[in-house]
>>> print(open('upload-v9.cif').read())   # mmCIF, C-alpha atoms
data_protein
#
loop_
_atom_site.group_PDB
_atom_site.id
_atom_site.type_symbol
_atom_site.label_atom_id
_atom_site.label_comp_id
_atom_site.auth_asym_id
_atom_site.auth_seq_id
_atom_site.Cartn_x
_atom_site.Cartn_y
_atom_site.Cartn_z
ATOM 1 C CA MET A 24 0.000 0.000 0.000
ATOM 2 C CA LYS A 25 2.795 2.339 0.969
ATOM 3 C CA LYS A 26 4.443 1.668 -2.443
ATOM 4 C CA LEU A 27 1.220 2.514 -4.255
ATOM 5 C CA VAL A 28 0.926 5.803 -2.339
ATOM 6 C CA CYS A 29 4.537 6.693 -3.209
ATOM 7 C CA LEU A 30 3.940 5.887 -6.868
ATOM 8 C CA ALA A 31 0.802 8.022 -6.871
ATOM 9 C CA ILE A 32 2.661 10.955 -5.322
ATOM 10 C CA ALA A 33 5.505 10.576 -7.823
ATOM 11 C CA LEU A 34 3.020 10.509 -10.694
ATOM 12 C CA VAL A 35 1.350 13.677 -9.449
ATOM 13 C CA MET A 36 4.745 15.402 -9.212
ATOM 14 C CA VAL A 37 5.719 14.345 -12.750
ATOM 15 C CA LEU A 38 2.406 15.519 -14.160
ATOM 16 C CA GLY A 39 2.779 18.784 -12.258
ATOM 17 C CA LEU A 40 6.239 19.373 -13.681
ATOM 18 C CA ALA A 41 5.004 18.557 -17.180
ATOM 19 C CA ALA A 42 2.171 21.059 -16.798
ATOM 20 C CA CYS A 43 4.618 23.740 -15.668
ATOM 21 C CA ALA A 44 6.962 22.972 -18.588
ATOM 22 C CA SER A 45 4.149 23.278 -21.106
ATOM 23 C CA ALA A 46 2.697 26.443 -19.555
ATOM 24 C CA GLU A 47 3.311 29.646 -21.486
ATOM 25 C CA PHE A 48 6.211 31.731 -20.192
ATOM 26 C CA LYS A 49 5.066 34.978 -18.573
ATOM 27 C CA PHE A 50 7.367 37.991 -18.845
ATOM 28 C CA GLU A 51 7.245 39.887 -15.555
ATOM 29 C CA ARG A 52 9.648 42.767 -16.159
ATOM 30 C CA LYS A 53 11.356 44.826 -18.853
ATOM 31 C CA ILE A 54 12.800 43.092 -21.908
ATOM 32 C CA ASP A 55 15.953 44.497 -23.535
ATOM 33 C CA LEU A 56 16.419 44.237 -27.287
ATOM 34 C CA VAL A 57 20.063 45.034 -28.010
ATOM 35 C CA CYS A 58 20.808 46.795 -31.294
ATOM 36 C CA PRO A 59 24.537 46.497 -32.152
ATOM 37 C CA TRP A 60 24.322 49.601 -34.326
ATOM 38 C CA GLY A 61 23.512 53.262 -33.780
ATOM 39 C CA VAL A 62 20.238 55.140 -33.496
ATOM 40 C CA GLY A 63 18.555 55.981 -36.796
ATOM 41 C CA GLY A 64 20.145 53.306 -38.982
ATOM 42 C CA GLY A 65 18.315 50.511 -40.755
ATOM 43 C CA ALA A 66 18.770 48.049 -37.877
ATOM 44 C CA ASP A 67 17.568 50.504 -35.252
ATOM 45 C CA SER A 68 14.672 51.627 -37.453
ATOM 46 C CA THR A 69 13.548 48.005 -37.813
ATOM 47 C CA LEU A 70 13.735 47.253 -34.105
ATOM 48 C CA ARG A 71 11.903 50.271 -32.702
ATOM 49 C CA PRO A 72 8.489 49.732 -34.326
ATOM 50 C CA LEU A 73 8.708 46.053 -33.339
ATOM 51 C CA ALA A 74 9.480 46.978 -29.721
ATOM 52 C CA THR A 75 6.384 49.175 -29.568
ATOM 53 C CA LEU A 76 4.177 46.379 -30.895
ATOM 54 C CA LEU A 77 5.701 43.816 -28.522
ATOM 55 C CA GLN A 78 5.005 46.030 -25.512
ATOM 56 C CA ASP A 79 1.299 46.001 -26.301
ATOM 57 C CA ILE A 80 1.242 42.235 -26.884
ATOM 58 C CA LEU A 81 3.389 41.141 -23.918
ATOM 59 C CA GLY A 82 2.257 43.775 -21.424
ATOM 60 C CA VAL A 83 5.773 44.678 -20.224
ATOM 61 C CA PRO A 84 8.206 47.424 -21.307
ATOM 62 C CA VAL A 85 10.400 46.492 -24.271
ATOM 63 C CA GLU A 86 13.471 48.722 -24.540
ATOM 64 C CA VAL A 87 15.874 49.092 -27.457
ATOM 65 C CA VAL A 88 19.473 49.263 -26.193
ATOM 66 C CA ASN A 89 21.917 50.645 -28.763
ATOM 67 C CA VAL A 90 25.498 49.421 -28.307
ATOM 68 C CA GLU A 91 27.337 50.555 -31.414
ATOM 69 C CA GLY A 92 30.918 50.159 -32.577
ATOM 70 C CA GLY A 93 33.180 47.466 -33.953
ATOM 71 C CA SER A 94 30.866 46.759 -36.916
ATOM 72 C CA GLY A 95 28.371 45.206 -34.528
ATOM 73 C CA VAL A 96 30.892 43.349 -32.364
ATOM 74 C CA ASN A 97 30.482 45.659 -29.352
ATOM 75 C CA GLY A 98 26.780 44.870 -29.218
ATOM 76 C CA VAL A 99 27.472 41.144 -29.436
ATOM 77 C CA GLU A 100 29.986 41.315 -26.589
ATOM 78 C CA TYR A 101 27.545 43.335 -24.479
ATOM 79 C CA THR A 102 24.742 40.826 -25.041
ATOM 80 C CA TYR A 103 27.069 37.902 -24.318
ATOM 81 C CA LYS A 104 27.820 39.349 -20.877
ATOM 82 C CA GLN A 105 24.126 39.562 -19.937
ATOM 83 C CA PRO A 106 22.455 36.668 -18.091
ATOM 84 C CA ALA A 107 20.652 34.174 -20.335
ATOM 85 C CA ASP A 108 17.436 34.588 -18.351
ATOM 86 C CA GLY A 109 15.058 35.392 -21.198
ATOM 87 C CA TYR A 110 15.063 39.145 -20.687
ATOM 88 C CA THR A 111 17.835 40.112 -23.122
ATOM 89 C CA PHE A 112 17.681 39.418 -26.840
ATOM 90 C CA MET A 113 19.634 40.951 -29.723
ATOM 91 C CA LEU A 114 18.973 42.122 -33.241
ATOM 92 C CA GLY A 115 21.466 40.609 -35.648
ATOM 93 C CA THR A 116 22.289 40.408 -39.327
ATOM 94 C CA GLN A 117 24.595 38.208 -41.370
ATOM 95 C CA SER A 118 27.260 40.898 -40.888
ATOM 96 C CA LEU A 119 27.796 39.328 -37.475
ATOM 97 C CA TYR A 120 28.539 36.019 -39.193
ATOM 98 C CA ILE A 121 31.292 37.782 -41.099
ATOM 99 C CA GLN A 122 32.713 39.326 -37.924
ATOM 100 C CA ASP A 123 32.684 35.877 -36.298
ATOM 101 C CA MET A 124 34.589 34.259 -39.176
ATOM 102 C CA LEU A 125 37.034 37.170 -39.190
ATOM 103 C CA GLY A 126 37.843 36.220 -35.595
ATOM 104 C CA ASN A 127 36.608 39.530 -34.191
ATOM 105 C CA THR A 128 34.331 38.086 -31.493
ATOM 106 C CA SER A 129 35.608 36.730 -28.186
ATOM 107 C CA MET A 130 33.278 33.737 -28.454
ATOM 108 C CA ASP A 131 32.208 31.353 -31.225
ATOM 109 C CA PHE A 132 29.185 33.351 -32.297
ATOM 110 C CA LYS A 133 27.843 30.488 -34.383
ATOM 111 C CA THR A 134 27.464 28.222 -31.354
ATOM 112 C CA GLU A 135 26.745 30.835 -28.672
ATOM 113 C CA PHE A 136 23.925 32.682 -30.448
ATOM 114 C CA GLU A 137 20.979 31.503 -32.506
ATOM 115 C CA CYS A 138 18.593 33.456 -34.694
ATOM 116 C CA GLU A 139 15.064 32.691 -33.501
ATOM 117 C CA ASP A 140 12.996 34.762 -35.924
ATOM 118 C CA VAL A 141 13.861 36.666 -39.106
ATOM 119 C CA LEU A 142 12.115 40.034 -39.205
ATOM 120 C CA VAL A 143 12.957 41.446 -42.632
ATOM 121 C CA HIS A 144 15.158 40.724 -45.643
ATOM 122 C CA SER A 145 16.219 43.917 -47.344
ATOM 123 C CA ILE A 146 17.384 44.531 -50.901
ATOM 124 C CA ASN A 147 20.676 46.307 -51.409
ATOM 125 C CA ALA A 148 20.988 48.864 -54.163
ATOM 126 C CA ILE A 149 23.826 50.783 -55.760
ATOM 127 C CA VAL A 150 22.824 54.427 -55.707
ATOM 128 C CA ALA A 151 24.528 57.414 -57.271
ATOM 129 C CA SER A 152 24.842 61.110 -56.721
ATOM 130 C CA LYS A 153 22.573 62.970 -59.129
ATOM 131 C CA ILE A 154 25.312 65.575 -59.506
ATOM 132 C CA SER A 155 27.896 62.917 -60.367
ATOM 133 C CA LEU A 156 25.729 61.188 -62.972
ATOM 134 C CA GLU A 157 25.170 64.511 -64.754
ATOM 135 C CA LYS A 158 28.920 65.173 -64.621
ATOM 136 C CA PHE A 159 29.745 61.738 -66.040
ATOM 137 C CA GLY A 160 27.007 61.982 -68.656
ATOM 138 C CA VAL A 161 25.530 58.577 -67.776
ATOM 139 C CA SER A 162 22.013 57.491 -66.856
ATOM 140 C CA ASN A 163 22.058 53.701 -66.358
ATOM 141 C CA TRP A 164 24.205 50.841 -65.076
ATOM 142 C CA ALA A 165 25.676 49.851 -68.458
ATOM 143 C CA GLU A 166 26.797 53.416 -69.164
ATOM 144 C CA LEU A 167 28.232 53.749 -65.674
ATOM 145 C CA GLN A 168 30.182 50.491 -66.050
ATOM 146 C CA ALA A 169 31.677 51.724 -69.313
ATOM 147 C CA TYR A 170 32.595 55.054 -67.734
ATOM 148 C CA ILE A 171 34.320 53.400 -64.757
ATOM 149 C CA LYS A 172 36.335 51.138 -67.079
ATOM 150 C CA ASP A 173 37.517 54.179 -69.056
ATOM 151 C CA HIS A 174 38.250 56.186 -65.884
ATOM 152 C CA PRO A 175 39.820 53.811 -63.315
ATOM 153 C CA PHE A 176 39.817 55.063 -59.705
ATOM 154 C CA GLU A 177 38.084 58.278 -60.746
ATOM 155 C CA VAL A 178 34.618 57.233 -59.575
ATOM 156 C CA SER A 179 34.361 57.190 -55.781
ATOM 157 C CA VAL A 180 32.234 54.911 -53.608
ATOM 158 C CA ALA A 181 31.290 55.482 -49.980
ATOM 159 C CA MET A 182 32.276 52.628 -47.658
ATOM 160 C CA LEU A 183 31.111 52.102 -44.077
ATOM 161 C CA THR A 184 32.917 48.782 -43.651
ATOM 162 C CA ALA A 185 34.536 46.649 -46.314
ATOM 163 C CA THR A 186 33.952 43.511 -44.248
ATOM 164 C CA GLY A 187 30.171 43.806 -43.923
ATOM 165 C CA VAL A 188 27.358 42.615 -46.166
ATOM 166 C CA ASP A 189 27.256 45.924 -48.029
ATOM 167 C CA GLY A 190 30.952 45.697 -48.818
ATOM 168 C CA ALA A 191 30.610 42.079 -49.923
ATOM 169 C CA SER A 192 27.647 42.800 -52.198
ATOM 170 C CA LEU A 193 29.462 45.794 -53.723
ATOM 171 C CA ALA A 194 32.577 43.697 -54.363
ATOM 172 C CA GLN A 195 30.474 41.066 -56.134
ATOM 173 C CA ALA A 196 28.583 43.602 -58.224
ATOM 174 C CA THR A 197 31.604 45.656 -59.283
ATOM 175 C CA GLU A 198 34.133 42.866 -59.816
ATOM 176 C CA GLY A 199 36.704 43.994 -62.369
ATOM 177 C CA LEU A 200 35.889 47.688 -61.907
ATOM 178 C CA ASP A 201 38.419 50.025 -60.279
ATOM 179 C CA LEU A 202 36.627 52.306 -57.804
ATOM 180 C CA LEU A 203 38.051 54.819 -55.344
ATOM 181 C CA GLU A 204 36.807 53.743 -51.903
ATOM 182 C CA ILE A 205 36.175 56.525 -49.378
ATOM 183 C CA PRO A 206 35.452 55.586 -45.735
ATOM 184 C CA TYR A 207 32.485 57.145 -43.928
ATOM 185 C CA SER A 208 31.505 56.665 -40.306
ATOM 186 C CA SER A 209 27.745 56.433 -40.828
ATOM 187 C CA GLY A 210 25.083 55.969 -43.463
ATOM 188 C CA SER A 211 23.780 59.489 -42.907
ATOM 189 C CA ASP A 212 27.253 60.906 -43.630
ATOM 190 C CA ALA A 213 27.474 58.827 -46.825
ATOM 191 C CA ASN A 214 24.021 59.960 -47.956
ATOM 192 C CA SER A 215 24.902 63.600 -47.304
ATOM 193 C CA ALA A 216 28.083 63.194 -49.340
ATOM 194 C CA LEU A 217 26.094 61.783 -52.262
ATOM 195 C CA VAL A 218 23.504 64.555 -52.122
ATOM 196 C CA GLY A 219 26.280 67.154 -52.178
ATOM 197 C CA GLY A 220 28.209 65.450 -54.958
ATOM 198 C CA HIS A 221 31.230 64.852 -52.738
ATOM 199 C CA CYS A 222 31.043 61.101 -53.379
ATOM 200 C CA ASP A 223 29.688 59.329 -56.446
ATOM 201 C CA LEU A 224 28.323 55.928 -55.404
ATOM 202 C CA TYR A 225 27.082 54.079 -52.338
ATOM 203 C CA VAL A 226 25.632 50.624 -51.698
ATOM 204 C CA CYS A 227 23.035 50.198 -48.970
ATOM 205 C CA GLY A 228 19.633 48.770 -48.175
ATOM 206 C CA TRP A 229 16.675 50.234 -50.044
ATOM 207 C CA ASP A 230 15.171 51.166 -46.675
ATOM 208 C CA ASP A 231 18.112 53.493 -45.985
ATOM 209 C CA ILE A 232 17.657 55.588 -49.118
ATOM 210 C CA ALA A 233 13.965 55.342 -50.066
ATOM 211 C CA GLY A 234 13.235 58.883 -48.892
ATOM 212 C CA LEU A 235 16.191 60.411 -50.757
ATOM 213 C CA VAL A 236 15.261 58.500 -53.910
ATOM 214 C CA GLU A 237 11.689 59.791 -53.687
ATOM 215 C CA SER A 238 12.913 63.365 -53.263
ATOM 216 C CA GLY A 239 15.270 62.982 -56.240
ATOM 217 C CA ASP A 240 18.412 63.836 -54.258
ATOM 218 C CA ILE A 241 20.084 60.531 -55.152
ATOM 219 C CA VAL A 242 19.488 58.147 -58.056
ATOM 220 C CA PRO A 243 19.214 54.348 -57.742
ATOM 221 C CA ILE A 244 21.262 52.729 -60.488
ATOM 222 C CA LEU A 245 21.036 48.974 -59.788
ATOM 223 C CA ALA A 246 19.021 46.802 -57.386
ATOM 224 C CA LEU A 247 20.977 43.773 -56.174
ATOM 225 C CA CYS A 248 18.234 41.168 -56.384
ATOM 226 C CA GLU A 249 16.751 38.363 -58.448
ATOM 227 C CA LYS A 250 13.977 40.368 -60.131
ATOM 228 C CA ARG A 251 12.854 43.965 -60.388
ATOM 229 C CA MET A 252 11.190 45.378 -57.305
ATOM 230 C CA THR A 253 7.473 46.066 -57.481
ATOM 231 C CA ILE A 254 8.079 49.314 -55.622
ATOM 232 C CA ALA A 255 10.589 50.445 -58.299
ATOM 233 C CA PRO A 256 9.713 48.561 -61.512
ATOM 234 C CA ASP A 257 11.881 50.778 -63.747
ATOM 235 C CA LEU A 258 15.048 50.046 -61.767
ATOM 236 C CA GLN A 259 17.183 47.304 -63.308
ATOM 237 C CA CYS A 260 18.251 44.397 -61.104
ATOM 238 C CA SER A 261 21.598 42.633 -60.944
ATOM 239 C CA VAL A 262 20.434 39.234 -62.228
ATOM 240 C CA GLU A 263 18.983 40.637 -65.457
ATOM 241 C CA ASN A 264 22.394 42.214 -66.053
ATOM 242 C CA GLY A 265 24.194 38.904 -65.553
ATOM 243 C CA ILE A 266 25.637 39.950 -62.188
ATOM 244 C CA ASP A 267 25.791 37.287 -59.469
ATOM 245 C CA SER A 268 25.121 39.621 -56.562
ATOM 246 C CA VAL A 269 21.839 39.364 -54.682
ATOM 247 C CA MET A 270 23.149 39.671 -51.139
ATOM 248 C CA GLY A 271 21.016 41.913 -48.969
ATOM 249 C CA PRO A 272 20.929 42.446 -45.218
ATOM 250 C CA TRP A 273 18.332 40.490 -43.274
ATOM 251 C CA ARG A 274 17.596 41.224 -39.658
ATOM 252 C CA GLY A 275 16.521 38.756 -37.018
ATOM 253 C CA ILE A 276 16.146 38.353 -33.272
ATOM 254 C CA PHE A 277 18.965 36.330 -31.684
ATOM 255 C CA ALA A 278 19.047 34.578 -28.327
ATOM 256 C CA LYS A 279 22.111 33.699 -26.292
ATOM 257 C CA LYS A 280 22.765 30.004 -25.693
ATOM 258 C CA GLY A 281 21.064 28.889 -22.489
ATOM 259 C CA THR A 282 18.095 31.243 -22.773
ATOM 260 C CA PRO A 283 14.974 29.393 -21.525
ATOM 261 C CA GLN A 284 13.153 27.881 -24.488
ATOM 262 C CA GLU A 285 9.809 28.902 -22.975
ATOM 263 C CA ALA A 286 10.889 32.562 -23.020
ATOM 264 C CA ILE A 287 12.074 32.230 -26.611
ATOM 265 C CA ASP A 288 8.825 30.578 -27.678
ATOM 266 C CA THR A 289 6.705 33.282 -26.015
ATOM 267 C CA LEU A 290 8.720 36.092 -27.588
ATOM 268 C CA VAL A 291 8.632 34.490 -31.032
ATOM 269 C CA ALA A 292 4.864 34.019 -30.772
ATOM 270 C CA ALA A 293 4.534 37.720 -29.922
ATOM 271 C CA ILE A 294 6.767 38.684 -32.856
ATOM 272 C CA GLU A 295 4.686 36.595 -35.235
ATOM 273 C CA GLU A 296 1.535 38.269 -33.901
ATOM 274 C CA ALA A 297 3.147 41.694 -34.381
ATOM 275 C CA LYS A 298 3.995 40.831 -38.002
ATOM 276 C CA GLN A 299 0.266 40.425 -38.725
ATOM 277 C CA SER A 300 -0.566 43.956 -37.593
ATOM 278 C CA ASP A 301 -1.424 46.686 -40.100
ATOM 279 C CA THR A 302 1.303 48.842 -38.533
ATOM 280 C CA TRP A 303 4.039 46.299 -39.292
ATOM 281 C CA LYS A 304 2.716 45.529 -42.777
ATOM 282 C CA GLU A 305 2.697 49.225 -43.672
ATOM 283 C CA PHE A 306 6.209 49.630 -42.287
ATOM 284 C CA THR A 307 7.605 46.689 -44.267
ATOM 285 C CA HIS A 308 5.899 47.806 -47.482
ATOM 286 C CA ASN A 309 7.223 51.378 -47.265
ATOM 287 C CA ALA A 310 10.765 50.064 -46.739
ATOM 288 C CA ALA A 311 10.420 47.425 -49.514
ATOM 289 C CA TYR A 312 10.897 44.674 -46.932
ATOM 290 C CA ASP A 313 7.977 42.757 -48.399
ATOM 291 C CA GLU A 314 9.790 42.276 -51.718
ATOM 292 C CA ARG A 315 11.484 39.119 -50.434
ATOM 293 C CA PRO A 316 10.039 36.158 -48.497
ATOM 294 C CA ILE A 317 11.406 35.390 -45.048
ATOM 295 C CA PRO A 318 11.651 31.959 -43.397
ATOM 296 C CA ALA A 319 9.211 30.821 -40.733
ATOM 297 C CA PRO A 320 10.548 30.422 -37.180
ATOM 298 C CA GLY A 321 11.985 27.037 -36.316
ATOM 299 C CA GLU A 322 13.496 24.662 -38.857
ATOM 300 C CA GLU A 323 13.114 27.063 -41.803
ATOM 301 C CA THR A 324 15.014 29.801 -39.973
ATOM 302 C CA ALA A 325 17.714 27.366 -38.825
ATOM 303 C CA GLU A 326 18.240 26.107 -42.391
ATOM 304 C CA PHE A 327 18.175 29.656 -43.785
ATOM 305 C CA CYS A 328 20.811 30.843 -41.304
ATOM 306 C CA HIS A 329 23.061 27.838 -41.930
ATOM 307 C CA ASN A 330 22.934 28.489 -45.680
ATOM 308 C CA GLU A 331 23.748 32.170 -45.104
ATOM 309 C CA TYR A 332 26.747 31.207 -42.971
ATOM 310 C CA LYS A 333 27.875 28.741 -45.652
ATOM 311 C CA ASP A 334 27.536 31.243 -48.504
ATOM 312 C CA LEU A 335 29.504 33.881 -46.606
ATOM 313 C CA HIS A 336 32.088 31.267 -45.582
ATOM 314 C CA ASP A 337 32.640 30.280 -49.213
ATOM 315 C CA TYR A 338 32.839 33.938 -50.280
ATOM 316 C CA MET A 339 35.440 34.684 -47.598
ATOM 317 C CA VAL A 340 37.478 31.624 -48.588
ATOM 318 C CA GLU A 341 37.438 32.890 -52.169
ATOM 319 C CA GLN A 342 38.502 36.370 -51.047
ATOM 320 C CA GLY A 343 41.189 35.027 -48.709
ATOM 321 C CA THR A 344 39.683 36.772 -45.669
ATOM 322 C CA LEU A 345 38.521 33.748 -43.610
ATOM 323 C CA VAL A 346 40.198 33.542 -40.187
ATOM 324 C CA LYS A 347 37.918 31.283 -38.122
ATOM 325 C CA ASP A 348 36.442 28.145 -39.686
ATOM 326 C CA TYR A 349 33.721 25.721 -38.647
ATOM 327 C CA ASP A 350 33.634 22.047 -39.603
ATOM 328 C CA ASP A 351 30.003 22.121 -40.733
ATOM 329 C CA LEU A 352 30.745 24.971 -43.164
ATOM 330 C CA LYS A 353 33.703 23.372 -44.947
#
>>> encode(input="upload-v9.cif", output="structure tokens")
Amino acid sequence: MKKLVCLAIALVMVLGLAACASAEFKFERKIDLVCPWGVGGGADSTLRPLATLLQDILGVPVEVVNVEGGSGVNGVEYTYKQPADGYTFMLGTQSLYIQDMLGNTSMDFKTEFECEDVLVHSINAIVASKISLEKFGVSNWAELQAYIKDHPFEVSVAMLTATGVDGASLAQATEGLDLLEIPYSSGSDANSALVGGHCDLYVCGWDDIAGLVESGDIVPILALCEKRMTIAPDLQCSVENGIDSVMGPWRGIFAKKGTPQEAIDTLVAAIEEAKQSDTWKEFTHNAAYDERPIPAPGEETAEFCHNEYKDLHDYMVEQGTLVKDYDDLK
């Protein structure tokens, strides 16, 4: 009899633990979303509207914490030092994969962080100064290519970081062309230089320059994507010009290894709910984020991220820039 009582108690305890494990995680205090880049950039501008929507859904404050510097590495290091308690997550892009394989992070980013949900997948574009195009006497990509070939190192291009996704996509698109690279500290500085005619070209996400394109201050010359964008149907794309460059920055929410799965699941569910709101849909449409499909959370996102790592790994091997390697990427 005593054994039966003990078994009954044990069964109740097991069932109780199972019920607790399956119960939805309840956030009870502020959530930090770390942005490894500065205020006002594409990453920050993606995170802030999401944070507002998440606050309403989860019922707790959701704060964007900007930790800029080191091409995103400072934000990664900051997040890595925070407890993996489900109250700190990070916005990331594939630029962080590059920084990892360059050996610039103190940890193995690939194993210590995981993307849980992709928010947007942007399209990069090569844009030009209106003043410069008039000076060169060109109006499209083919004419610009011919001009650059005839005038090596005369045409300048703004560079934020040569080791990021923008630098990689530019290198792919302009292979064989001799451009004069000029470093700039921020996207706003690069845009200002283009508007003033102090720099000729720049590559960035469509979301970063949509307003300047609409005002006519800068001119898009080539979209780096598979097909023409519905939001800019007259703009030629790289693939139709025989250019193998479709790399564009995507942005996702990353969790540190050890973060409770229940917290991750609850946050992801809230993100997916936020994506269905009219506010988010309007935001993504205006920034041309809805031009490309994004993977669903779970296995699709895991496969997507692995393929992104692999593609960047192979590119860096080709360029001779790979420092840190992973067996599953070889």
>>> resolve_selection(input="upload-v9.cif", expression="the PyMOL selection byres ((chain A and resi 137-139) around 7)", output="list in words")
Glu135, Phe136, Asp140, Val141, Gly275, Ile276, Phe277, Ala278, Lys279 and Pro320 of chain A
>>> closest_residue(input="upload-v9.cif", among="A:Gly220, A:Val88, A:Thr128, A:Gly239", to="A:Phe159", atoms="only C-alpha atoms")
A:Gly220
>>> closest_atom_pairs(input="upload-v9.cif", of="stretch 63-85 of chain A", to="stretch 310-316 of chain A", cutoff="12 Å", atoms="all atoms listed in the file", output="Markdown table")
| residue | atom | partner | partner_atom | distance |
| --- | --- | --- | --- | --- |
| A:Gly65 | CA | A:Ala310 | CA | 9.6 |
| A:Ser68 | CA | A:Ala310 | CA | 10.2 |
| A:Thr69 | CA | A:Ala310 | CA | 9.6 |
>>> atom_distance(input="upload-v9.cif", atom1="atom CA of A:Asp350", atom2="atom CA of A:Asp189")
26.1 Å
>>> resolve_selection(input="upload-v9.cif", expression="the PyMOL selection byres ((chain A and resi 74) around 9)", output="VMD selection string")
chain A and resid 56 70 to 73 75 to 79 84 to 87
>>> residues_around(input="upload-v9.cif", residues="stretch 228-235 of chain A", least_positions_apart="6", cutoff="9 Å", atoms="all atoms listed in the file", output="PyMOL selection string")
chain A and resi 64-65+145-150+189+210-211+214+218+241-243+246+271-272+309-312
>>> atom_distance(input="upload-v9.cif", atom1="atom CA of A:Glu237", atom2="atom CA of A:Ile171")
26.0 Å
>>> closest_residue(input="upload-v9.cif", among="A:Leu183, A:Trp164, A:Glu91, A:Leu203", to="A:Leu247", atoms="all atoms listed in the file")
A:Trp164
>>> atom_distance(input="upload-v9.cif", atom1="atom CA of A:Gly199", atom2="atom CA of A:Gln168")
9.9 Å
>>> resolve_selection(input="upload-v9.cif", expression="the PyMOL selection byres ((chain A and resi 329) around 12)", output="list in words")
Gln117, Tyr120, Lys133, Thr134, Glu137, Cys138, Glu322, Glu323, Thr324, Ala325, Glu326, Phe327, Cys328, Asn330, Glu331, Tyr332, Lys333, Asp334, Leu335, His336, Tyr349, Asp351, Leu352 and Lys353 of chain A
>>> closest_residue(input="upload-v9.cif", among="A:Val99, A:Val340, A:Ile154, A:Ala194", to="A:Met130", atoms="all atoms listed in the file")
A:Val99
>>> closest_residue(input="upload-v9.cif", among="A:Val161, A:Leu224, A:Val178, A:Ala196", to="A:Gly265", atoms="all atoms listed in the file")
A:Ala196
>>> closest_residue(input="upload-v9.cif", among="A:Leu81, A:Lys153, A:Val143, A:Ala216", to="A:Glu296", atoms="only C-alpha atoms")
A:Leu81
>>> closest_residue(input="upload-v9.cif", among="A:Val226, A:Val262, A:Met113, A:Met252", to="A:Ala191", atoms="all atoms listed in the file")
A:Val226
>>> build_atoms(input="upload-v9.cif", residues="stretch 168-179 of chain A", atoms="N, CA, C and O atoms", output="PDB file, in the frame of the given file")
ATOM      1  N   GLN A 168      29.120  51.491 -65.958  1.00  0.00           N
ATOM      2  CA  GLN A 168      30.182  50.491 -66.050  1.00  0.00           C
ATOM      3  C   GLN A 168      31.231  50.907 -67.079  1.00  0.00           C
ATOM      4  O   GLN A 168      32.445  50.836 -66.814  1.00  0.00           O
ATOM      5  N   ALA A 169      30.762  51.319 -68.241  1.00  0.00           N
ATOM      6  CA  ALA A 169      31.677  51.724 -69.313  1.00  0.00           C
ATOM      7  C   ALA A 169      32.511  52.930 -68.884  1.00  0.00           C
ATOM      8  O   ALA A 169      33.729  52.990 -69.153  1.00  0.00           O
ATOM      9  N   TYR A 170      31.880  53.856 -68.182  1.00  0.00           N
ATOM     10  CA  TYR A 170      32.595  55.054 -67.734  1.00  0.00           C
ATOM     11  C   TYR A 170      33.689  54.686 -66.720  1.00  0.00           C
ATOM     12  O   TYR A 170      34.816  55.183 -66.801  1.00  0.00           O
ATOM     13  N   ILE A 171      33.343  53.802 -65.769  1.00  0.00           N
ATOM     14  CA  ILE A 171      34.320  53.400 -64.757  1.00  0.00           C
ATOM     15  C   ILE A 171      35.511  52.687 -65.394  1.00  0.00           C
ATOM     16  O   ILE A 171      36.670  52.896 -65.004  1.00  0.00           O
ATOM     17  N   LYS A 172      35.253  51.846 -66.393  1.00  0.00           N
ATOM     18  CA  LYS A 172      36.335  51.138 -67.079  1.00  0.00           C
ATOM     19  C   LYS A 172      37.271  52.110 -67.798  1.00  0.00           C
ATOM     20  O   LYS A 172      38.486  51.895 -67.838  1.00  0.00           O
ATOM     21  N   ASP A 173      36.705  53.184 -68.340  1.00  0.00           N
ATOM     22  CA  ASP A 173      37.517  54.179 -69.056  1.00  0.00           C
ATOM     23  C   ASP A 173      38.180  55.172 -68.112  1.00  0.00           C
ATOM     24  O   ASP A 173      39.111  55.883 -68.526  1.00  0.00           O
ATOM     25  N   HIS A 174      37.711  55.222 -66.859  1.00  0.00           N
ATOM     26  CA  HIS A 174      38.250  56.186 -65.884  1.00  0.00           C
ATOM     27  C   HIS A 174      38.530  55.475 -64.559  1.00  0.00           C
ATOM     28  O   HIS A 174      37.851  55.715 -63.559  1.00  0.00           O
ATOM     29  N   PRO A 175      39.525  54.576 -64.540  1.00  0.00           N
ATOM     30  CA  PRO A 175      39.820  53.811 -63.315  1.00  0.00           C
ATOM     31  C   PRO A 175      40.180  54.708 -62.138  1.00  0.00           C
ATOM     32  O   PRO A 175      40.921  55.677 -62.288  1.00  0.00           O
ATOM     33  N   PHE A 176      39.594  54.377 -60.979  1.00  0.00           N
ATOM     34  CA  PHE A 176      39.817  55.063 -59.705  1.00  0.00           C
ATOM     35  C   PHE A 176      39.391  56.537 -59.727  1.00  0.00           C
ATOM     36  O   PHE A 176      39.761  57.296 -58.835  1.00  0.00           O
ATOM     37  N   GLU A 177      38.612  56.909 -60.724  1.00  0.00           N
ATOM     38  CA  GLU A 177      38.084  58.278 -60.746  1.00  0.00           C
ATOM     39  C   GLU A 177      36.722  58.337 -60.051  1.00  0.00           C
ATOM     40  O   GLU A 177      36.391  59.338 -59.411  1.00  0.00           O
ATOM     41  N   VAL A 178      35.946  57.276 -60.188  1.00  0.00           N
ATOM     42  CA  VAL A 178      34.618  57.233 -59.575  1.00  0.00           C
ATOM     43  C   VAL A 178      34.749  56.744 -58.138  1.00  0.00           C
ATOM     44  O   VAL A 178      35.311  55.677 -57.877  1.00  0.00           O
ATOM     45  N   SER A 179      34.229  57.518 -57.206  1.00  0.00           N
ATOM     46  CA  SER A 179      34.361  57.190 -55.781  1.00  0.00           C
ATOM     47  C   SER A 179      33.124  56.469 -55.263  1.00  0.00           C
ATOM     48  O   SER A 179      32.012  56.665 -55.764  1.00  0.00           O
TER      49      SER A 179
END
